[in-house]
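First up is the structure itself, then whatever we jot down about it.
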Amino acid sequence: MKTAKAVNLVVLFLLELAVLGAVLYWGITRGGTVGLLFGIGGAGLLAEFWGLFASPRARFKLHGTARLVFELLWFGAGAAALYAAGAHAWAAVLALVCVASKCLAQTRQA
């Protein structure tokens, strides 16, 4: 049981990094310096939101429905960024892995 939880925590961390990478990738696909700045700025903004509301040391911890809505929007932003960049299959994979991982995390808590 502890091993499954640890593996899922690693998967969740990798998903968090994947969302930031997806937004950066989206910016790069926009082309030019402006696209790169959008990618870096978007990833930085998402990282800031995660740090404020969802990280283990978050200043404003969210719980219950607020946490669920935040994570839907946050992870959804990664999938949407990949989709907008033309990586439709990767967007679907990211979304499915996020849903599966969050479902596993919820069943482990119950």
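Here's how to read the names in the structure tokens: chain A, B, ... by the order shown, residue numbers from 1 in each chain, ligand numbers from 1 in the order shown.
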Going by DSSP on the backbone, which residues of range 28-98 of chain A come out as helix (DSSP H, G or I)? List them as an MDAnalysis selection string. chainID A and resid 28:30 32:53 64:84 88:98
Quick one: residues within 12 Å of Arg59 in chain A, only C-alpha atoms, excluding same-chain residues fewer than 5 positions away - as a PyMOL selection string? chain A and resi 48-54
| Can you list, as a PyMOL selection string, every protein, DNA or RNA residue that comes within 9 Å of range 21-26 of chain A when you count only C-alpha atoms, leaving out same-chain residues fewer than 3 positions away? | chain A and resi 16-18+29-30+35-43+46+77-86+91
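CA of Leu20 in chain A is positioned 21.0 Å from CA of Ala105 in chain A.
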With distances taken over only C-alpha atoms, the candidate from A:Phe13, A:Val19, A:Cys103, A:Thr33 nearest Trp74 in chain A is A:Val19
Note to self: Show me, as an MDAnalysis selection string, the residues that have an atom within 10 Å of Cys98 in chain A when counting only C-alpha atoms, minus same-chain residues fewer than 3 positions from it.
What the structure shows: chainID A and resid 11:12 15:16 71:72 75:76 79 92:95 101:104
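Among A:Gly27, A:Leu62, A:Val97, A:Trp90, the residue with the shortest atom-to-atom distance to Leu14 in chain A, counting only C-alpha atoms, is A:Val97.
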Please measure the separation of CA of Ala66 in chain A and CA of Ala89 in chain A, giving the value in Å to one decimal.
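According to the coordinates, CA of Ala66 in chain A and CA of Ala89 in chain A are separated by 28.8 Å.
When only C-alpha atoms are used to compute distances to Leu9 in chain A, the closest of the residues A:Gly64, A:Gly44, A:Gly31, A:Pro56 turns out to be A:Pro56.
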What is the CA of Thr3 in chain A-CA of Arg57 in chain A distance in Å, reported with one decimal?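 Rounded to one decimal, the two atoms are 23.2 Å apart.
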